[in-house]
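Chemist: I'd like to ask some things about the structure below.
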Amino acid sequence: MLSEGVKAEDVYKALEAYFKPEECIDVFEIKGLQYHNTEIIKKVYTSTFASPSVFEEILRRNEHNVMLFSHHPVPPRPTENDPYPKIPEELKKRLKENEISFFAYHIPLDKSNFYSPSNTLGRALGLKPYGEFYIQNGSVLGALCEGAPERAEDFVINIEKALGHPVKLYPYGGEFIEGGRVAIMGGCARNTDVYDELRKKGINMMLTGVTNPAVSWTLDIHEEASKKSVSLIGGTHYSTERFSPVAMLDFFKKLGLQGEFIAEAPNLTDM
């Protein structure tokens, strides 16, 4: 059942006021509003990627005057070595016909805030975020968390329960987690200079999304993590970020809008 609605302009302004997109650089050309197709928003759907399956699910419900809020403004890559696909033109046309707007925040959502992928993943694992790390695109994106179990294998079990699928551990830091402190960088962690920083902070475990050595840019990551004795856990790009758009439902609820998260399938080859 749809609400009477909120002015689309007011929803956009609320998002911009909280996430301050002007303070960061993005890898995608457009930050925020992708397609403005309705003046009134009666319901918000959230997703991790702008997958065709997500749009098809919204269209299947034959609801008008709704908005999709996604972390990514594009569909997921077939593999992390591939470029991002584009949203099919036919889908864009149907969104306009059905008065469905599309809004996406990538780096503005990634940067450290209550709804960021790194912080929401930490809380989903029962951890307490206490600090930040990992600078990218002019923003700090990663979360330092405490409360992890003593053994790395137990942490893996906790993650698999939360994500709902196996994860991959690269135990460069040994079988124990120092002081129960871990680093979390949802999605992709390309920077190689963080491992020295983490070791200086007494952290020997990082959870991220993409760790598969078949992905070209991860080779330097594995080399540096191994050199600095920091274990890596890969949980897929999608799964390590999906708690963020789920948490965004509360953001929209505060604006008077009901919402629903639309799940997608994780790409297990990311690990």
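Residue numbers start at 1 in each chain; chains themselves are named A, B, ... in the order of the structure tokens; ligands are numbered from 1 in the order shown.
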Report the residues of stretch 180-230 of chain A whose backbone DSSP state falls under helix (DSSP H, G or I), written as a count of residues only.
Modeler: 18
Chemist: Would you kindly return, as a PyMOL selection string, each protein, DNA or RNA residue with an atom no farther than 6 Å from any atom of stretch 12-27 of chain A, considering only C-alpha atoms and excluding same-chain residues fewer than 4 positions away?
Modeler: chain A and resi 107-108+137-138
Chemist: Residues near A:Tyr105, anyone? I mean within 7 Å using only C-alpha atoms, not counting same-chain ones fewer than 5 positions away, as a PyMOL selection string.
Modeler: chain A and resi 31-32+70-72
Chemist: When distances are computed from only C-alpha atoms, which of A:Lys42, A:His106, A:Arg94, A:His222 shows the smallest separation from A:Pro73?
Modeler: A:His106
Chemist: Calculated over only C-alpha atoms, which of the candidates A:Ala183, A:Tyr238, A:Pro52, A:Ala8 has the smallest distance to A:Gly131?
Modeler: A:Ala183
Chemist: Would you mind listing what lies within 6 Å of A:Arg151 as a VMD selection string, with only C-alpha atoms counted and same-chain residues fewer than 3 positions away left out?
Modeler: chain A and resid 154 175 to 177
Chemist: With only C-alpha atoms as the atoms that count, which of A:Leu95, A:Phe133, A:Lys254, A:Leu33 lies nearest to A:Glu57?
Modeler: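 Going through A:Leu95, A:Phe133, A:Lys254, A:Leu33 one by one, the smallest distance to A:Glu57 is for A:Leu95.
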Chemist: Between A:Val194, A:Met67, A:Ile30, A:Leu255, which one has atoms that come closest to A:Ser47, using only C-alpha atoms?
Modeler: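 The closest residue to A:Ser47 is A:Met67.
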Chemist: Name the residues in contact with A:Asp110 at a cut-off of 10 Å, using only C-alpha atoms, excluding same-chain residues fewer than 2 positions from it; report them as a PyMOL selection string.
Modeler: chain A and resi 19+71+105-108+112-113+115-119+136+139-142+185-187+241+244
Chemist: Between A:Ala225, A:Leu59, A:Val44, A:Ala148, which is the closest to A:Val11 once you count only C-alpha atoms?
Modeler: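 Answer, going by the shortest atom-to-atom distance: A:Val44.
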Chemist: Residues within 12 Å of A:His165, please, as number ranges by chain. Count only C-alpha atoms; anything in the same chain fewer than 4 positions from it doesn't count.
Modeler: A: 156-161, 234-236, 238-240, 265-268, 271
